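Q: Structure: entry_33.txt, compact mmCIF, C-alpha atoms.
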```txt
# COMPACT_ATOMS: atom_id res chain seq x y z
CA MET A 1 -22.12 4.52 -8.46
CA ASN A 2 -20.72 7.86 -9.63
CA HIS A 3 -18.42 8.33 -6.69
CA THR A 4 -14.73 8.91 -7.24
CA ILE A 5 -12.28 6.28 -5.99
CA THR A 6 -8.85 7.45 -4.94
CA PHE A 7 -5.61 5.53 -4.49
CA GLN A 8 -2.10 6.37 -3.40
CA PRO A 9 0.67 4.45 -5.19
CA ILE A 10 2.46 1.87 -3.05
CA GLY A 11 5.60 2.41 -5.11
CA HIS A 12 6.83 2.88 -8.65
CA VAL A 13 8.64 1.14 -11.50
CA GLU A 14 12.22 1.84 -12.49
CA ASN A 15 13.65 0.69 -15.83
CA GLU A 16 15.30 2.10 -18.96
CA PHE A 17 12.04 2.83 -20.79
CA ASP A 18 11.24 6.49 -20.33
CA THR A 19 8.76 6.82 -23.15
CA PRO A 20 5.95 4.55 -24.27
CA ILE A 21 7.04 1.90 -26.73
CA ALA A 22 5.37 -1.21 -27.99
CA PRO A 23 4.44 -3.53 -25.11
CA ASP A 24 6.23 -6.40 -26.85
CA GLU A 25 9.49 -4.46 -26.58
CA ILE A 26 9.00 -3.63 -22.91
CA ARG A 27 8.25 -7.17 -21.88
CA VAL A 28 11.71 -8.53 -22.59
CA SER A 29 13.39 -6.39 -19.95
CA GLU A 30 14.07 -6.37 -16.27
CA SER A 31 12.47 -3.76 -14.03
CA ARG A 32 12.67 -2.77 -10.41
CA ILE A 33 9.62 -2.07 -8.31
CA ILE A 34 10.56 0.46 -5.63
CA LEU A 35 8.11 -0.08 -2.79
CA ASP A 36 7.30 2.62 -0.26
CA PRO A 37 9.76 1.73 2.55
CA GLY A 38 6.94 1.95 5.08
CA LEU A 39 5.21 -1.01 3.40
CA VAL A 40 8.13 -3.46 3.43
CA ALA A 41 6.50 -5.64 6.11
CA GLY A 42 3.84 -6.39 3.52
CA LEU A 43 6.41 -8.45 1.59
CA THR A 44 6.92 -10.90 4.47
CA GLY A 45 6.90 -14.42 3.11
CA LEU A 46 7.30 -13.38 -0.53
CA LYS A 47 9.85 -15.59 -2.26
CA PRO A 48 11.92 -14.94 -5.40
CA GLY A 49 11.45 -17.53 -8.12
CA ARG A 50 7.69 -17.26 -7.97
CA GLN A 51 5.35 -15.09 -9.95
CA ILE A 52 3.53 -12.03 -8.69
CA MET A 53 0.67 -10.00 -10.13
CA VAL A 54 1.45 -6.31 -10.41
CA VAL A 55 -1.39 -3.79 -10.64
CA PHE A 56 -0.23 -0.44 -11.95
CA TYR A 57 -1.43 2.87 -13.36
CA PHE A 58 -0.73 3.91 -16.96
CA HIS A 59 0.10 7.43 -15.81
CA LEU A 60 0.69 8.97 -19.25
CA ILE A 61 -2.74 8.09 -20.62
CA GLU A 62 -5.00 11.10 -21.06
CA SER A 63 -7.80 9.79 -23.24
CA TYR A 64 -9.29 6.66 -24.75
CA ASP A 65 -11.61 5.45 -27.47
CA LEU A 66 -14.27 2.80 -26.81
CA LEU A 67 -13.37 1.19 -30.16
CA GLN A 68 -9.70 0.67 -30.96
CA HIS A 69 -7.52 -1.18 -33.43
CA ARG A 70 -5.63 -4.02 -31.77
CA ARG A 71 -2.10 -2.87 -30.96
CA GLY A 72 -2.91 0.37 -32.79
CA ASP A 73 -2.62 -1.50 -36.10
CA PRO A 74 -5.08 0.12 -38.58
CA THR A 75 -5.19 -3.08 -40.66
CA GLN A 76 -6.89 -4.80 -37.70
CA PRO A 77 -10.66 -4.39 -37.26
CA GLU A 78 -11.80 -2.12 -34.45
CA ARG A 79 -12.82 -3.83 -31.23
CA GLY A 80 -14.20 -2.76 -27.89
CA VAL A 81 -11.64 -1.49 -25.40
CA PHE A 82 -12.75 -4.13 -22.87
CA THR A 83 -11.62 -6.88 -25.27
CA LEU A 84 -8.14 -5.34 -25.51
CA ARG A 85 -5.14 -4.84 -23.24
CA SER A 86 -4.63 -1.33 -24.58
CA PRO A 87 -3.43 1.15 -21.92
CA SER A 88 -5.88 3.74 -23.30
CA ARG A 89 -9.01 2.74 -21.39
CA PRO A 90 -11.60 4.36 -19.11
CA ASN A 91 -9.55 3.54 -15.99
CA PRO A 92 -5.97 3.10 -17.20
CA VAL A 93 -5.04 0.20 -14.95
CA GLY A 94 -2.55 -2.46 -16.01
CA VAL A 95 -2.45 -5.96 -14.56
CA THR A 96 0.56 -8.12 -15.40
CA THR A 97 1.93 -11.34 -13.97
CA VAL A 98 5.71 -11.29 -13.78
CA ASP A 99 8.58 -13.41 -12.56
CA LEU A 100 9.99 -12.20 -9.25
CA LEU A 101 13.77 -12.41 -9.57
CA ALA A 102 14.91 -10.97 -6.26
CA ILE A 103 13.90 -8.89 -3.24
CA GLU A 104 16.35 -6.50 -1.61
CA GLU A 105 14.76 -4.50 1.19
CA ASN A 106 12.05 -2.44 -0.56
CA VAL A 107 13.22 -3.22 -4.11
CA LEU A 108 11.70 -6.07 -6.14
CA ARG A 109 13.49 -7.08 -9.31
CA VAL A 110 11.05 -8.49 -11.85
CA TYR A 111 11.13 -9.77 -15.39
CA ASP A 112 8.55 -9.19 -18.09
CA LEU A 113 6.73 -6.11 -16.77
CA ASP A 114 5.10 -4.02 -19.51
CA ALA A 115 5.34 -0.70 -17.68
CA ILE A 116 7.66 2.23 -18.33
CA ASN A 117 9.99 4.05 -15.96
CA GLY A 118 8.11 5.99 -13.29
CA THR A 119 4.89 4.00 -13.54
CA PRO A 120 2.96 4.16 -10.23
CA VAL A 121 2.29 0.72 -8.72
CA LEU A 122 -1.08 0.22 -7.03
CA ASP A 123 -0.86 -3.34 -5.73
CA ILE A 124 1.13 -6.57 -5.64
CA LYS A 125 -0.72 -9.88 -5.31
CA PRO A 126 0.12 -13.56 -5.48
CA ALA A 127 -0.17 -14.71 -9.11
CA MET B 1 5.19 9.40 -6.29
CA ASN B 2 2.82 10.77 -3.66
CA HIS B 3 0.19 11.93 -6.06
CA THR B 4 -3.37 10.73 -5.71
CA ILE B 5 -4.84 8.63 -8.50
CA THR B 6 -8.56 8.89 -9.11
CA PHE B 7 -10.93 6.57 -10.92
CA GLN B 8 -14.61 6.57 -11.76
CA PRO B 9 -16.29 3.15 -11.71
CA ILE B 10 -17.29 1.83 -15.13
CA GLY B 11 -20.15 -0.07 -13.50
CA HIS B 12 -21.05 -2.17 -10.50
CA VAL B 13 -21.78 -5.73 -9.39
CA GLU B 14 -25.24 -7.05 -8.61
CA ASN B 15 -25.78 -10.31 -6.73
CA GLU B 16 -27.42 -11.65 -3.57
CA PHE B 17 -24.44 -10.98 -1.28
CA ASP B 18 -25.07 -7.71 0.52
CA THR B 19 -22.55 -8.22 3.30
CA PRO B 20 -18.99 -9.53 3.21
CA ILE B 21 -18.77 -13.29 3.57
CA ALA B 22 -15.96 -15.71 3.00
CA PRO B 23 -14.62 -15.47 -0.55
CA ASP B 24 -15.04 -19.20 -0.96
CA GLU B 25 -18.76 -18.79 -0.46
CA ILE B 26 -19.07 -15.92 -2.90
CA ARG B 27 -17.24 -17.67 -5.71
CA VAL B 28 -19.90 -20.30 -6.30
CA SER B 29 -22.53 -17.83 -7.42
CA GLU B 30 -23.62 -15.93 -10.45
CA SER B 31 -23.31 -12.17 -10.59
CA ARG B 32 -24.27 -9.41 -13.00
CA ILE B 33 -21.94 -6.61 -13.94
CA ILE B 34 -24.01 -3.55 -14.78
CA LEU B 35 -21.88 -1.45 -17.10
CA ASP B 36 -22.38 2.28 -17.52
CA PRO B 37 -24.67 2.36 -20.60
CA GLY B 38 -22.42 4.97 -22.20
CA LEU B 39 -19.58 2.43 -22.33
CA VAL B 40 -21.42 -0.41 -24.09
CA ALA B 41 -19.46 0.08 -27.32
CA GLY B 42 -16.40 -1.01 -25.35
CA LEU B 43 -17.85 -4.54 -25.25
CA THR B 44 -17.79 -4.90 -29.06
CA GLY B 45 -16.38 -8.28 -29.96
CA LEU B 46 -16.69 -9.73 -26.46
CA LYS B 47 -18.07 -13.26 -26.63
CA PRO B 48 -19.86 -15.30 -23.94
CA GLY B 49 -18.19 -18.58 -23.14
CA ARG B 50 -14.80 -16.97 -22.68
CA GLN B 51 -13.18 -15.69 -19.54
CA ILE B 52 -12.72 -12.06 -18.62
CA MET B 53 -10.62 -10.37 -15.97
CA VAL B 54 -12.61 -8.07 -13.71
CA VAL B 55 -10.83 -5.33 -11.76
CA PHE B 56 -12.94 -4.02 -8.91
CA TYR B 57 -12.83 -1.95 -5.74
CA PHE B 58 -13.44 -3.48 -2.30
CA HIS B 59 -15.59 -0.51 -1.32
CA LEU B 60 -16.27 -1.56 2.29
CA ILE B 61 -12.61 -1.79 3.30
CA GLU B 62 -11.54 0.99 5.63
CA SER B 63 -8.22 -0.24 6.98
CA TYR B 64 -5.56 -2.91 6.61
CA ASP B 65 -2.65 -4.52 8.37
CA LEU B 66 0.67 -5.17 6.63
CA LEU B 67 0.79 -8.57 8.34
CA GLN B 68 -2.33 -10.74 8.26
CA HIS B 69 -3.41 -14.29 8.94
CA ARG B 70 -4.34 -16.10 5.75
CA ARG B 71 -8.14 -16.02 5.34
CA GLY B 72 -8.31 -14.41 8.78
CA ASP B 73 -7.53 -17.79 10.37
CA PRO B 74 -5.52 -17.14 13.59
CA THR B 75 -4.05 -20.65 13.45
CA GLN B 76 -2.21 -19.62 10.29
CA PRO B 77 1.09 -17.72 10.59
CA GLU B 78 1.02 -14.04 9.75
CA ARG B 79 2.17 -13.13 6.27
CA GLY B 80 2.69 -9.93 4.33
CA VAL B 81 -0.42 -8.47 2.73
CA PHE B 82 1.25 -8.59 -0.71
CA THR B 83 1.45 -12.38 -0.47
CA LEU B 84 -2.29 -12.61 0.21
CA ARG B 85 -5.52 -12.00 -1.70
CA SER B 86 -7.09 -10.36 1.35
CA PRO B 87 -9.39 -7.43 0.47
CA SER B 88 -7.85 -5.44 3.36
CA ARG B 89 -4.83 -3.96 1.57
CA PRO B 90 -3.26 -0.54 0.96
CA ASN B 91 -5.23 -0.09 -2.26
CA PRO B 92 -8.25 -2.38 -1.95
CA VAL B 93 -8.35 -3.57 -5.56
CA GLY B 94 -9.60 -7.02 -6.50
CA VAL B 95 -8.62 -8.81 -9.70
CA THR B 96 -10.56 -11.96 -10.59
CA THR B 97 -10.86 -13.99 -13.76
CA VAL B 98 -14.42 -15.19 -14.31
CA ASP B 99 -16.48 -17.07 -16.86
CA LEU B 100 -18.59 -14.78 -19.00
CA LEU B 101 -21.99 -16.45 -19.32
CA ALA B 102 -23.95 -13.90 -21.31
CA ILE B 103 -24.07 -10.29 -22.46
CA GLU B 104 -27.40 -8.46 -22.69
CA GLU B 105 -26.96 -4.81 -23.65
CA ASN B 106 -24.97 -3.33 -20.74
CA VAL B 107 -25.35 -6.35 -18.43
CA LEU B 108 -22.71 -9.07 -18.22
CA ARG B 109 -23.64 -12.28 -16.44
CA VAL B 110 -20.57 -13.91 -14.90
CA TYR B 111 -19.79 -16.91 -12.77
CA ASP B 112 -17.27 -17.09 -9.95
CA LEU B 113 -16.85 -13.42 -9.05
CA ASP B 114 -15.75 -12.87 -5.43
CA ALA B 115 -17.36 -9.46 -5.05
CA ILE B 116 -20.47 -8.48 -3.13
CA ASN B 117 -23.55 -6.60 -4.27
CA GLY B 118 -22.80 -2.97 -5.11
CA THR B 119 -19.08 -3.45 -5.67
CA PRO B 120 -17.74 -0.77 -8.04
CA VAL B 121 -16.07 -2.20 -11.15
CA LEU B 122 -12.97 -0.41 -12.44
CA ASP B 123 -12.05 -2.37 -15.55
CA ILE B 124 -12.78 -5.42 -17.70
CA LYS B 125 -9.93 -7.03 -19.66
CA PRO B 126 -9.39 -10.16 -21.71
CA ALA B 127 -8.28 -12.95 -19.37
```
Please render this file's structure as structure tokens.
A:
Amino acid sequence: MNHTITFQPIGHVENEFDTPIAPDEIRVSESRIILDPGLVAGLTGLKPGRQIMVVFYFHLIESYDLLQHRRGDPTQPERGVFTLRSPSRPNPVGVTTVDLLAIEENVLRVYDLDAINGTPVLDIKPA
Amino acid sequence: MNHTITFQPIGHVENEFDTPIAPDEIRVSESRIILDPGLVAGLTGLKPGRQIMVVFYFHLIESYDLLQHRRGDPTQPERGVFTLRSPSRPNPVGVTTVDLLAIEENVLRVYDLDAINGTPVLDIKPA
């Protein structure tokens, strides 16, 4: 099972958050997902007003610990990384369900995405 | 955004399904997730009886269409791949929430996982 798996992003996130901040702060904002224009046909039938699942790559993460404090709060007991949503994990993949506000060509406007500006997007699925 | 993203599996799926079958058939079975033994500390605090989200790689997928019939049924209208859960997608990632039945060392027994035998697992998250 030690083979490497490779992906190419299908697009990226644009918003005003250029540096990592607390996820709670990111989630109250609107973001745009800029899809590769060659993949726009893949949105056929997608309707604003529904929710979508966004799979993305925490591209700034360079390391992880198997045991972490929840939300980085040292007053919390350490727990296994697989019990946490921490971005610092063996494969730094994020999965978030968001409200789809609008679709304009290859741009999806979404609400509640906990990803910073420039985040590579790996997949979009029905929620 | 055209950089390649690479992952190493954290483990793999074991069950009786060696070849792709309809997802509806797979979901009624029990599977084992065999975690890399070196990552077992990452399970600390995980409790059977709860649900976990499993992120995995559809390792047999070699191509995709941007427009597909739902569940491969030609009587259904074609829809964009991002509105479907089809495994044939630009980045063949699966995300499924399953019941965690038991944990024994590095083996997680789960119910309702729509992945075949040998499927590489990329991540485990709280559901």
Q: All in-order C-alpha pairs, least squares, chain B moved onto chain A. Output the fitted coordinates as a short mmCIF file (atom, residue, chain, number, x, y, z; two decimals) with C-alpha atoms, in the frame of the given file, please.
A:
```cif
data_model
loop_
_atom_site.label_atom_id
_atom_site.label_comp_id
_atom_site.auth_asym_id
_atom_site.auth_seq_id
_atom_site.Cartn_x
_atom_site.Cartn_y
_atom_site.Cartn_z
CA MET B 1 -22.11 4.57 -8.52
CA ASN B 2 -20.70 7.93 -9.59
CA HIS B 3 -18.39 8.34 -6.67
CA THR B 4 -14.71 8.91 -7.23
CA ILE B 5 -12.27 6.28 -5.99
CA THR B 6 -8.84 7.44 -4.91
CA PHE B 7 -5.61 5.53 -4.50
CA GLN B 8 -2.10 6.35 -3.38
CA PRO B 9 0.66 4.44 -5.19
CA ILE B 10 2.46 1.86 -3.05
CA GLY B 11 5.59 2.40 -5.12
CA HIS B 12 6.82 2.88 -8.66
CA VAL B 13 8.63 1.14 -11.51
CA GLU B 14 12.22 1.84 -12.49
CA ASN B 15 13.66 0.69 -15.82
CA GLU B 16 15.29 2.09 -18.96
CA PHE B 17 12.02 2.84 -20.79
CA ASP B 18 11.24 6.51 -20.30
CA THR B 19 8.76 6.84 -23.15
CA PRO B 20 5.93 4.56 -24.24
CA ILE B 21 7.01 1.90 -26.71
CA ALA B 22 5.33 -1.21 -27.96
CA PRO B 23 4.41 -3.53 -25.09
CA ASP B 24 6.17 -6.38 -26.85
CA GLU B 25 9.42 -4.47 -26.58
CA ILE B 26 8.97 -3.64 -22.93
CA ARG B 27 8.22 -7.19 -21.86
CA VAL B 28 11.69 -8.53 -22.58
CA SER B 29 13.38 -6.41 -19.95
CA GLU B 30 14.07 -6.36 -16.27
CA SER B 31 12.47 -3.77 -14.04
CA ARG B 32 12.67 -2.76 -10.39
CA ILE B 33 9.62 -2.06 -8.30
CA ILE B 34 10.56 0.46 -5.63
CA LEU B 35 8.11 -0.07 -2.79
CA ASP B 36 7.30 2.63 -0.26
CA PRO B 37 9.75 1.73 2.56
CA GLY B 38 6.93 1.95 5.09
CA LEU B 39 5.21 -1.01 3.41
CA VAL B 40 8.12 -3.46 3.43
CA ALA B 41 6.50 -5.64 6.10
CA GLY B 42 3.82 -6.40 3.52
CA LEU B 43 6.41 -8.45 1.59
CA THR B 44 6.92 -10.91 4.47
CA GLY B 45 6.91 -14.43 3.10
CA LEU B 46 7.31 -13.39 -0.54
CA LYS B 47 9.86 -15.61 -2.26
CA PRO B 48 11.93 -14.94 -5.40
CA GLY B 49 11.45 -17.50 -8.12
CA ARG B 50 7.68 -17.25 -7.97
CA GLN B 51 5.36 -15.08 -9.97
CA ILE B 52 3.54 -12.03 -8.70
CA MET B 53 0.68 -10.00 -10.13
CA VAL B 54 1.45 -6.30 -10.41
CA VAL B 55 -1.40 -3.79 -10.64
CA PHE B 56 -0.23 -0.44 -11.95
CA TYR B 57 -1.43 2.86 -13.35
CA PHE B 58 -0.73 3.92 -16.95
CA HIS B 59 0.10 7.43 -15.80
CA LEU B 60 0.69 8.96 -19.25
CA ILE B 61 -2.74 8.08 -20.63
CA GLU B 62 -4.99 11.09 -21.05
CA SER B 63 -7.79 9.78 -23.24
CA TYR B 64 -9.27 6.65 -24.78
CA ASP B 65 -11.61 5.44 -27.47
CA LEU B 66 -14.26 2.79 -26.81
CA LEU B 67 -13.36 1.21 -30.16
CA GLN B 68 -9.69 0.66 -30.97
CA HIS B 69 -7.51 -1.20 -33.43
CA ARG B 70 -5.64 -4.03 -31.77
CA ARG B 71 -2.09 -2.86 -30.95
CA GLY B 72 -2.90 0.36 -32.80
CA ASP B 73 -2.62 -1.51 -36.11
CA PRO B 74 -5.08 0.10 -38.59
CA THR B 75 -5.19 -3.09 -40.66
CA GLN B 76 -6.90 -4.79 -37.72
CA PRO B 77 -10.67 -4.38 -37.26
CA GLU B 78 -11.81 -2.11 -34.46
CA ARG B 79 -12.79 -3.84 -31.25
CA GLY B 80 -14.18 -2.77 -27.91
CA VAL B 81 -11.63 -1.50 -25.41
CA PHE B 82 -12.73 -4.15 -22.88
CA THR B 83 -11.61 -6.89 -25.27
CA LEU B 84 -8.13 -5.35 -25.51
CA ARG B 85 -5.13 -4.85 -23.24
CA SER B 86 -4.61 -1.33 -24.59
CA PRO B 87 -3.41 1.15 -21.93
CA SER B 88 -5.88 3.73 -23.32
CA ARG B 89 -9.00 2.73 -21.37
CA PRO B 90 -11.59 4.36 -19.10
CA ASN B 91 -9.55 3.54 -16.00
CA PRO B 92 -5.97 3.09 -17.21
CA VAL B 93 -5.04 0.18 -14.95
CA GLY B 94 -2.55 -2.47 -16.02
CA VAL B 95 -2.45 -5.97 -14.56
CA THR B 96 0.57 -8.12 -15.41
CA THR B 97 1.93 -11.33 -13.96
CA VAL B 98 5.72 -11.27 -13.79
CA ASP B 99 8.60 -13.40 -12.55
CA LEU B 100 9.99 -12.18 -9.26
CA LEU B 101 13.78 -12.40 -9.56
CA ALA B 102 14.92 -10.96 -6.26
CA ILE B 103 13.89 -8.90 -3.24
CA GLU B 104 16.36 -6.50 -1.62
CA GLU B 105 14.77 -4.51 1.20
CA ASN B 106 12.06 -2.45 -0.55
CA VAL B 107 13.22 -3.23 -4.11
CA LEU B 108 11.70 -6.05 -6.14
CA ARG B 109 13.50 -7.08 -9.32
CA VAL B 110 11.05 -8.49 -11.86
CA TYR B 111 11.14 -9.77 -15.40
CA ASP B 112 8.53 -9.18 -18.08
CA LEU B 113 6.74 -6.09 -16.76
CA ASP B 114 5.11 -4.01 -19.51
CA ALA B 115 5.35 -0.70 -17.68
CA ILE B 116 7.66 2.23 -18.32
CA ASN B 117 9.99 4.06 -15.96
CA GLY B 118 8.11 6.00 -13.28
CA THR B 119 4.89 4.00 -13.54
CA PRO B 120 2.97 4.16 -10.24
CA VAL B 121 2.29 0.73 -8.73
CA LEU B 122 -1.07 0.22 -7.02
CA ASP B 123 -0.87 -3.34 -5.72
CA ILE B 124 1.14 -6.57 -5.64
CA LYS B 125 -0.71 -9.89 -5.30
CA PRO B 126 0.13 -13.57 -5.49
CA ALA B 127 -0.18 -14.69 -9.12
#
```
Q: For chain B against chain A, which residues fall within 7 Å using only C-alpha atoms, given as a PDB file with C-alpha atoms, in the coordinates of the input?
A:
```pdb
ATOM      1  CA  MET B   1       5.190   9.400  -6.290  1.00  0.00           C
ATOM      2  CA  ASN B   2       2.820  10.770  -3.660  1.00  0.00           C
ATOM      3  CA  HIS B   3       0.190  11.930  -6.060  1.00  0.00           C
ATOM      4  CA  THR B   4      -3.370  10.730  -5.710  1.00  0.00           C
ATOM      5  CA  ILE B   5      -4.840   8.630  -8.500  1.00  0.00           C
ATOM      6  CA  THR B   6      -8.560   8.890  -9.110  1.00  0.00           C
ATOM      7  CA  PHE B   7     -10.930   6.570 -10.920  1.00  0.00           C
ATOM      8  CA  GLN B   8     -14.610   6.570 -11.760  1.00  0.00           C
ATOM      9  CA  PRO B   9     -16.290   3.150 -11.710  1.00  0.00           C
ATOM     10  CA  LEU B  39     -19.580   2.430 -22.330  1.00  0.00           C
ATOM     11  CA  ALA B  41     -19.460   0.080 -27.320  1.00  0.00           C
ATOM     12  CA  GLY B  42     -16.400  -1.010 -25.350  1.00  0.00           C
ATOM     13  CA  LEU B  43     -17.850  -4.540 -25.250  1.00  0.00           C
ATOM     14  CA  THR B  44     -17.790  -4.900 -29.060  1.00  0.00           C
ATOM     15  CA  GLY B  45     -16.380  -8.280 -29.960  1.00  0.00           C
ATOM     16  CA  LEU B  46     -16.690  -9.730 -26.460  1.00  0.00           C
ATOM     17  CA  LEU B  66       0.670  -5.170   6.630  1.00  0.00           C
ATOM     18  CA  LEU B  67       0.790  -8.570   8.340  1.00  0.00           C
ATOM     19  CA  ARG B  79       2.170 -13.130   6.270  1.00  0.00           C
ATOM     20  CA  GLY B  80       2.690  -9.930   4.330  1.00  0.00           C
ATOM     21  CA  VAL B  81      -0.420  -8.470   2.730  1.00  0.00           C
ATOM     22  CA  PHE B  82       1.250  -8.590  -0.710  1.00  0.00           C
ATOM     23  CA  THR B  83       1.450 -12.380  -0.470  1.00  0.00           C
ATOM     24  CA  LEU B  84      -2.290 -12.610   0.210  1.00  0.00           C
ATOM     25  CA  ARG B  85      -5.520 -12.000  -1.700  1.00  0.00           C
ATOM     26  CA  ASN B  91      -5.230  -0.090  -2.260  1.00  0.00           C
ATOM     27  CA  PRO B 120     -17.740  -0.770  -8.040  1.00  0.00           C
ATOM     28  CA  LEU B 122     -12.970  -0.410 -12.440  1.00  0.00           C
ATOM     29  CA  ASP B 123     -12.050  -2.370 -15.550  1.00  0.00           C
ATOM     30  CA  ILE B 124     -12.780  -5.420 -17.700  1.00  0.00           C
ATOM     31  CA  LYS B 125      -9.930  -7.030 -19.660  1.00  0.00           C
ATOM     32  CA  PRO B 126      -9.390 -10.160 -21.710  1.00  0.00           C
TER      33      PRO B 126
END
```
Q: Distance CA of Arg109 (chain B)-CA of Gly72 (chain A), one decimal place?
A: 29.3 Å
Q: Using all atoms listed in the file, can you list as a ChimeraX atom specification the residues within 7 Å of (-1.4, 6.5, -20.2)?
A: /A:58-62,87-88,92
Q: So what do you get for CA of Asn106 (chain A) versus CA of Ser63 (chain B), distance-wise?
A: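 Here the two named atoms are 21.7 Å from each other.
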Q: Could you tell me how far CA of Val110 (chain B) sits from CA of Phe17 (chain B), in Å to one decimal place?
A: 14.5 Å
Q: Using only C-alpha atoms, which residues sit within 10 Å of Asn117 (chain A) once same-chain residues fewer than 3 positions away are excluded, as a PyMOL selection string?
A: chain A and resi 12-20+31-33+120
